[in-house]
Amino acid sequence: MLIAPVHPADLDRRPPDRPAADSGEAGRRAPDGLAAFAPGDQPRARGRAAVSGRLRDGASRVGRLEQQGSARCMLPAVPGRLEAVLLNTAGGVTGGDIFAWEAEAEAGAFLTVSTQAAERAYRAQTGETGRVDATLRLGPGARLDWLPQETILFDGADLARRYEVVMAADARLLMVEQVALGRLAMGETAPRARLRDVWRVRRDGRLIFADALRLDGAAPAVSLDGPGCWAGARAAATVLYVAPDAEDRLGAARAALGDAGRALNGLDAGRGGAPCPAPPPVPSGGASAWRGMLVARLLAPDACALRAALMPLIHALRDAAPPRVWRL
Amino acid sequence: MSDASAAAVQALVAWLSPGYPVGAFAYSHGLERAVADGAVRDAQTLQAWVGDVLARGSGRNDAILLAAAHRAPDDLAPAELAAALAVSRERLLETEAQGAAFARTTAQAWGAGDGGPAPYPVAVGRAAAAAGAPLETALTLYLQAFAANLVSVAVRLVPLGQTEGQRALAALAPLCAAVAAEAAGAGLDDLGGAAFAADIAAMRHETQAVRLFRT
């Protein structure tokens with residue numbers, strides 16, 4: 001084949017400013033359309049969605065469902081499982097936007113949450129930060145899988161996210177966050193993007209896991225490409241699995257990380273079997289487990305390779321494939 | 001320098017010397033794996049790797065935690081966060097084992113701190129506060145000791161000549177001071193980093209067949 005298949009993200013030729021589309025507040029503020037947008041002005045999106053899974057008649061069903069502004073929560077029919085798919089109708093996040101997502105697996109229930117598309121963080125005005133807060137709650141014996149698609153950071157993005165997890169002692173949590181650096185201008189080695197991803201996980205009232213991914217907008221003293229940082233990778237993921245059997249699954253998780261490299265070289269693990277744009281080098285990943293939790297970090301040349309590497313790992317930690325939206 | 005602060009600096013130099021019995025020599029912070037994988041293979045890659053960990057990894061985070069413990073020695077939050085921020089089993093071991101040994105020895109031999117176990121940067125921050133040691137000096141010496149320990153790991157493993165190792169350490173000294181200055185004014189909300197490759201090396205160290213170091 002002469003023409004390599006292209007990742008859908010690479011086909012996207014939208015400018016790094018978010019298109020002034022369906023952002024709830026902007027629509028109200030600017031009824032006459034473009035006239036309201038002075039040069040440099042950007043619409044501000046607000047959104048909040050909350051969903052819970054509730055055990056009823058022995059099966060997980062939707063309990064609470066609330067949605068406001070530019071946040072939507074869809075519930076596709078998935079045989080035997082409850083899946084919620086979150087959607088940002090503003091088409092991305094930029095400076096000044098505020099989103100709040102809440103997901104809860106009530107006692108004994110199993111809820112999987114994903115997103116309909118990759119989240120795009122577009123150029124923000126100087127000093128304006130887009131905020132996304134996610135609150136996850138897990139009742140006794142509950143299971144929550146938080147599996148959004150990747151976040152793509154474009155040049156000039158400024159995004160601060162906070163994940164607060166409160167879980168019962170015997171609940172099970174699987175969390176994956178993937179970040180990819182977006183298209184670059186000529187000669188640039190990394191976008192001037194700013195990201196703060198803060199995680200706080202409390203189990204039985206105790207802080208058991210904290211993490212913070214911190215990418216700096218201004219040229220930092222130490223390049224992200226350094227051999228201890230992203231080492232030339234353009235996409236990274238953190239995976240957290242908290243469960244009574246977390247340590248028992250470490251062997252399977254490590255085997256899955258090893259398989260990911262082989263699968264990539266065979267080009268058979270991409271989206272729905274579609275190969276990645278170019279044969280990427282084997283991604284780098286590691287996993288560790290202690291005190292009832294398992295943590296993995298992954299680095300890959302791009303978002304497609306990262307997803308391919310994550311597929312077998314998620315399978316190993318969930319006894320099921322990732323949500324259908326992951327496979328496109 | 002007043003007599004009191006000179007005495008406090010003397011104490012810091014002793015506590016953060018390679019001879020202080022916290023067992024620092026046994027911990028490579030994942031560097032043993034990075035050497036085995038070829039990511040660190042000479043003085044140049046060593047300096048880059050250690051610089052990454054100092055500026056965008058646990059060096060900077062430890063400094064922020066040390067500063068928070070120095071400001072509020074009785075606050076439990078820095079200790080809780082320091083343990084929760086450990087990204088692998090061996091990273092947790094490294095900070096807990098060194099911290100417990102440091103707190104015990106420093107309370108018994110120097111009469112500083114209550115001797116209760118705490119993650120390493122928190123134990124150092126509390127003892128430094130008890131001794132009246134200036135924060136930025138404590139931070140710089142802590143980071144310098146951390147960097148020196150990693151350089152000595154590399155001198156043994158890569159291997160590198162002693163002078164090459166010292167050259168890398170000398171080149172990293174301004175970064176230690178810069179990170180210390182930033183951390184002195186930072187709060188717990190500023191924690192965070194991007195040293196994923198070093199984290200992955202720490203995780204993969206657990207399965208390394210031949211290991212000289214505990215981490």
# chains A, B, ... in the order shown; residues from 1 in each chain; ligands from 1
call {"tool": "residues_around", "arguments": {"residues": "A:Val201", "least_positions_apart": "6", "cutoff": "8 Å", "atoms": "only C-alpha atoms", "output": "PyMOL selection string"}}
result
chain A and resi 164-167+207-210
call {"tool": "residues_around", "arguments": {"residues": "B:Ala69", "least_positions_apart": "2", "cutoff": "6 Å", "atoms": "only C-alpha atoms", "output": "short mmCIF file (atom, residue, chain, number, x, y, z; two decimals) with all heavy atoms, in the first residue's frame"}}
result
data_model
loop_
_atom_site.label_atom_id
_atom_site.label_comp_id
_atom_site.auth_asym_id
_atom_site.auth_seq_id
_atom_site.Cartn_x
_atom_site.Cartn_y
_atom_site.Cartn_z
N LEU B 66 9.01 19.33 51.02
CA LEU B 66 9.93 19.72 52.09
C LEU B 66 9.58 21.13 52.57
O LEU B 66 9.51 21.39 53.79
CB LEU B 66 11.37 19.66 51.57
CG LEU B 66 12.53 19.73 52.57
CD1 LEU B 66 13.83 19.24 51.92
CD2 LEU B 66 12.76 21.12 53.15
N ALA B 67 9.34 22.03 51.62
CA ALA B 67 9.01 23.41 51.98
C ALA B 67 7.72 23.47 52.79
O ALA B 67 7.63 24.20 53.79
CB ALA B 67 8.90 24.26 50.72
N ARG B 71 7.38 24.81 56.66
CA ARG B 71 6.49 25.90 57.07
C ARG B 71 5.54 25.48 58.16
O ARG B 71 5.20 26.24 59.05
CB ARG B 71 5.67 26.38 55.86
CG ARG B 71 6.39 27.39 54.98
CD ARG B 71 5.40 28.04 54.01
NE ARG B 71 4.89 27.07 53.04
CZ ARG B 71 5.46 26.85 51.86
NH1 ARG B 71 6.53 27.50 51.50
NH2 ARG B 71 4.94 25.97 51.03
N ALA B 72 5.05 24.23 58.09
CA ALA B 72 4.04 23.74 59.04
C ALA B 72 4.40 22.32 59.46
O ALA B 72 3.81 21.36 58.95
CB ALA B 72 2.66 23.80 58.41
N PRO B 73 5.35 22.17 60.40
CA PRO B 73 5.83 20.82 60.75
C PRO B 73 4.75 19.90 61.31
O PRO B 73 4.86 18.68 61.20
CB PRO B 73 6.90 21.11 61.81
CG PRO B 73 7.30 22.52 61.61
CD PRO B 73 6.09 23.23 61.09
N VAL B 122 9.52 15.18 53.81
CA VAL B 122 8.75 15.72 54.94
C VAL B 122 9.56 15.60 56.22
O VAL B 122 9.62 16.55 57.03
CB VAL B 122 7.39 14.99 55.06
CG1 VAL B 122 6.64 15.44 56.31
CG2 VAL B 122 6.57 15.24 53.80
N GLY B 125 12.19 18.28 56.07
CA GLY B 125 11.59 19.60 56.28
C GLY B 125 11.27 19.85 57.74
O GLY B 125 11.53 20.94 58.28
N ARG B 126 10.74 18.86 58.42
CA ARG B 126 10.40 19.02 59.84
C ARG B 126 11.64 19.21 60.69
O ARG B 126 11.68 20.08 61.57
CB ARG B 126 9.62 17.79 60.33
CG ARG B 126 8.20 17.73 59.81
CD ARG B 126 7.50 16.43 60.21
NE ARG B 126 6.12 16.42 59.71
CZ ARG B 126 5.33 15.35 59.77
NH1 ARG B 126 5.77 14.20 60.29
NH2 ARG B 126 4.10 15.43 59.31
#
call {"tool": "closest_atom_pairs", "arguments": {"of": "chain B", "to": "chain A", "cutoff": "9 Å", "atoms": "only C-alpha atoms", "output": "tab-separated table"}}
result
residue	atom	partner	partner_atom	distance
B:Ala34	CA	A:Gly228	CA	8.7
B:Ala39	CA	A:Pro227	CA	6.4
B:Val40	CA	A:Pro227	CA	7.8
B:Thr45	CA	A:Pro227	CA	7.3
B:Leu46	CA	A:Pro227	CA	8.9
B:Ala48	CA	A:Gly226	CA	6.3
B:Trp49	CA	A:Gly228	CA	4.7
B:Val50	CA	A:Gly228	CA	7.4
B:Gly51	CA	A:Val222	CA	7.2
B:Asp52	CA	A:Gly228	CA	5.3
B:Val53	CA	A:Gly228	CA	6.4
B:Ala55	CA	A:Val222	CA	6.7
B:Arg56	CA	A:Cys229	CA	7.4
B:Gly57	CA	A:Cys229	CA	8.0
B:Glu80	CA	A:Leu207	CA	6.9
B:Leu81	CA	A:Ala210	CA	6.7
B:Ala82	CA	A:Ala210	CA	8.5
B:Ala83	CA	A:Ile208	CA	7.8
B:Ala84	CA	A:Phe209	CA	4.3
B:Leu85	CA	A:Ala210	CA	4.8
B:Ala86	CA	A:Phe209	CA	7.8
B:Val87	CA	A:Val295	CA	6.9
B:Ser88	CA	A:Ser288	CA	5.3
B:Arg89	CA	A:Trp290	CA	5.6
B:Glu90	CA	A:Ser288	CA	8.6
B:Leu175	CA	A:Ala221	CA	8.6
B:Asp189	CA	A:Val198	CA	8.9
B:Asp190	CA	A:Arg214	CA	8.8
B:Leu191	CA	A:Ala212	CA	6.6
B:Gly192	CA	A:Ala212	CA	4.2
B:Gly193	CA	A:Arg214	CA	4.7
B:Ala194	CA	A:Cys229	CA	5.6
B:Ala195	CA	A:Cys229	CA	3.9
B:Phe196	CA	A:Cys229	CA	5.2
B:Ala197	CA	A:Gly228	CA	4.8
B:Ala198	CA	A:Gly228	CA	4.6
B:Asp199	CA	A:Arg297	CA	7.5
B:Ile200	CA	A:Gly286	CA	4.8
B:Ala201	CA	A:Gly286	CA	7.3
B:Ala202	CA	A:Gly286	CA	8.2
B:Met203	CA	A:Gly286	CA	5.3
B:Arg204	CA	A:Gly286	CA	5.6
B:Glu206	CA	A:Ser288	CA	7.9
call {"tool": "write_last_selection", "arguments": {"atoms": "C-alpha atoms", "output": "PDB file, in the first residue's frame"}}
result
ATOM      1  CA  ALA B  34      17.459   3.560  32.660  1.00  0.00           C
ATOM      2  CA  ALA B  39      18.506   5.720  28.096  1.00  0.00           C
ATOM      3  CA  VAL B  40      21.440   6.775  30.292  1.00  0.00           C
ATOM      4  CA  THR B  45      22.530  11.536  28.996  1.00  0.00           C
ATOM      5  CA  LEU B  46      23.086  11.220  32.744  1.00  0.00           C
ATOM      6  CA  ALA B  48      19.845  15.230  31.080  1.00  0.00           C
ATOM      7  CA  TRP B  49      18.084  12.394  32.955  1.00  0.00           C
ATOM      8  CA  VAL B  50      18.936  13.722  36.411  1.00  0.00           C
ATOM      9  CA  GLY B  51      18.016  17.243  35.281  1.00  0.00           C
ATOM     10  CA  ASP B  52      14.602  15.968  34.155  1.00  0.00           C
ATOM     11  CA  VAL B  53      13.983  14.299  37.518  1.00  0.00           C
ATOM     12  CA  ALA B  55      13.128  19.955  37.393  1.00  0.00           C
ATOM     13  CA  ARG B  56      10.064  17.999  36.264  1.00  0.00           C
ATOM     14  CA  GLY B  57       9.988  14.925  38.472  1.00  0.00           C
ATOM     15  CA  GLU B  80      -0.104  12.149  53.334  1.00  0.00           C
ATOM     16  CA  LEU B  81       0.466  13.683  49.897  1.00  0.00           C
ATOM     17  CA  ALA B  82       4.097  12.589  49.726  1.00  0.00           C
ATOM     18  CA  ALA B  83       3.123   8.940  50.187  1.00  0.00           C
ATOM     19  CA  ALA B  84       0.171   9.213  47.790  1.00  0.00           C
ATOM     20  CA  LEU B  85       2.378  10.780  45.087  1.00  0.00           C
ATOM     21  CA  ALA B  86       4.641   7.715  44.945  1.00  0.00           C
ATOM     22  CA  VAL B  87       3.998   6.325  41.481  1.00  0.00           C
ATOM     23  CA  SER B  88       5.377   2.831  42.059  1.00  0.00           C
ATOM     24  CA  ARG B  89       5.969   0.341  44.878  1.00  0.00           C
ATOM     25  CA  GLU B  90       9.710   1.016  44.894  1.00  0.00           C
ATOM     26  CA  LEU B 175      19.474  23.709  38.404  1.00  0.00           C
ATOM     27  CA  ASP B 189      -1.123  23.115  44.506  1.00  0.00           C
ATOM     28  CA  ASP B 190       2.060  23.525  42.471  1.00  0.00           C
ATOM     29  CA  LEU B 191       2.994  19.833  42.773  1.00  0.00           C
ATOM     30  CA  GLY B 192       3.218  17.925  39.532  1.00  0.00           C
ATOM     31  CA  GLY B 193       5.567  16.995  36.767  1.00  0.00           C
ATOM     32  CA  ALA B 194       6.123  15.184  33.520  1.00  0.00           C
ATOM     33  CA  ALA B 195       8.979  12.756  34.212  1.00  0.00           C
ATOM     34  CA  PHE B 196       7.100   9.820  32.701  1.00  0.00           C
ATOM     35  CA  ALA B 197      10.159   8.038  31.321  1.00  0.00           C
ATOM     36  CA  ALA B 198      11.819   8.108  34.743  1.00  0.00           C
ATOM     37  CA  ASP B 199       8.595   6.829  36.324  1.00  0.00           C
ATOM     38  CA  ILE B 200       8.423   4.016  33.774  1.00  0.00           C
ATOM     39  CA  ALA B 201      12.060   3.140  34.510  1.00  0.00           C
ATOM     40  CA  ALA B 202      11.234   2.972  38.232  1.00  0.00           C
ATOM     41  CA  MET B 203       8.321   0.614  37.491  1.00  0.00           C
ATOM     42  CA  ARG B 204      10.357  -1.561  35.153  1.00  0.00           C
ATOM     43  CA  GLU B 206      10.899  -4.168  39.662  1.00  0.00           C
TER      44      GLU B 206
END
call {"tool": "atom_distance", "arguments": {"atom1": "atom CA of A:Ala246", "atom2": "atom CA of A:Leu195"}}
result
28.9 Å
call {"tool": "select_by_dssp", "arguments": {"residues": "stretch 147-246 of chain A", "states": "strand (DSSP E or B)", "output": "ChimeraX atom specification"}}
result
/A:147,151-153,157-167,172-181,194-203,206-215,235-242
call {"tool": "closest_residue", "arguments": {"among": "A:Leu55, A:Ala71, A:Leu144, A:Ala235", "to": "A:Glu83", "atoms": "only C-alpha atoms"}}
result
A:Leu144
call {"tool": "residues_around", "arguments": {"residues": "A:Pro148", "least_positions_apart": "6", "cutoff": "7 Å", "atoms": "only C-alpha atoms", "output": "list in words"}}
result
Val113, Ser114, Thr115 and Glu177 of chain A
call {"tool": "select_by_dssp", "arguments": {"residues": "stretch 35-188 of chain B", "states": "alpha helix (DSSP H)", "output": "ChimeraX atom specification"}}
result
/B:35-36,43-56,58-71,77-84,89-110,120-130,135-157,162-184
call {"tool": "closest_residue", "arguments": {"among": "B:Pro174, B:Gly161, B:Gly23, B:Pro134", "to": "B:Leu93", "atoms": "only C-alpha atoms"}}
result
B:Gly23
call {"tool": "residues_around", "arguments": {"residues": "A:Trp146", "least_positions_apart": "3", "cutoff": "12 Å", "atoms": "only C-alpha atoms", "output": "number ranges by chain"}}
result
A: 83-86, 101-105, 110-115, 134-138, 143, 149, 163, 165, 172-178, 238-241, 314, 318, 322-323
call {"tool": "residues_around", "arguments": {"residues": "A:Ala109", "least_positions_apart": "6", "cutoff": "6 Å", "atoms": "only C-alpha atoms", "output": "list in words"}}
result
Gly53, Arg54, Leu55, Ser60 and Ala142 of chain A
call {"tool": "atom_distance", "arguments": {"atom1": "atom CA of B:Asp3", "atom2": "atom CA of B:Gly115"}}
result
25.3 Å
call {"tool": "atom_distance", "arguments": {"atom1": "atom CA of B:Ala145", "atom2": "atom CA of B:Ala103"}}
result
16.8 Å
call {"tool": "closest_residue", "arguments": {"among": "B:Leu188, B:Leu31, B:Val210, B:Ala107", "to": "B:Ala77", "atoms": "only C-alpha atoms"}}
result
B:Leu188
call {"tool": "residues_around", "arguments": {"residues": "stretch 4-21 of chain B", "least_positions_apart": "5", "cutoff": "10 Å", "atoms": "only C-alpha atoms", "output": "PyMOL selection string"}}
result
chain B and resi 98+101-102+105-106+110+112+124+127-134+137-139+141-146+148-149+152
call {"tool": "write_last_selection", "arguments": {"atoms": "C-alpha atoms", "output": "mmCIF file, in the first residue's frame"}}
result
data_model
loop_
_atom_site.group_PDB
_atom_site.id
_atom_site.type_symbol
_atom_site.label_atom_id
_atom_site.label_comp_id
_atom_site.auth_asym_id
_atom_site.auth_seq_id
_atom_site.Cartn_x
_atom_site.Cartn_y
_atom_site.Cartn_z
ATOM 1 C CA GLN B 98 14.733 6.792 54.010
ATOM 2 C CA ALA B 101 15.616 6.226 59.090
ATOM 3 C CA PHE B 102 16.222 9.967 58.811
ATOM 4 C CA THR B 105 18.499 9.156 63.600
ATOM 5 C CA THR B 106 17.948 12.911 63.583
ATOM 6 C CA TRP B 110 20.700 15.622 66.930
ATOM 7 C CA ALA B 112 15.731 17.578 66.030
ATOM 8 C CA VAL B 124 13.881 16.559 56.373
ATOM 9 C CA ALA B 127 13.911 18.507 61.207
ATOM 10 C CA ALA B 128 15.206 21.564 59.350
ATOM 11 C CA ALA B 129 12.427 23.652 60.882
ATOM 12 C CA ALA B 130 13.196 22.262 64.350
ATOM 13 C CA ALA B 131 16.866 23.194 63.895
ATOM 14 C CA GLY B 132 15.958 26.677 62.671
ATOM 15 C CA ALA B 133 17.645 26.011 59.331
ATOM 16 C CA PRO B 134 16.851 28.432 56.502
ATOM 17 C CA THR B 137 19.500 26.342 52.017
ATOM 18 C CA ALA B 138 17.782 23.147 53.137
ATOM 19 C CA LEU B 139 16.119 22.793 49.724
ATOM 20 C CA LEU B 141 21.293 20.889 49.864
ATOM 21 C CA TYR B 142 18.501 18.318 49.669
ATOM 22 C CA LEU B 143 18.368 18.519 45.866
ATOM 23 C CA GLN B 144 22.144 18.568 45.633
ATOM 24 C CA ALA B 145 22.320 15.388 47.750
ATOM 25 C CA PHE B 146 19.637 13.745 45.603
ATOM 26 C CA ALA B 148 24.872 13.505 43.926
ATOM 27 C CA ASN B 149 23.396 10.143 44.893
ATOM 28 C CA SER B 152 27.243 8.138 42.117
#
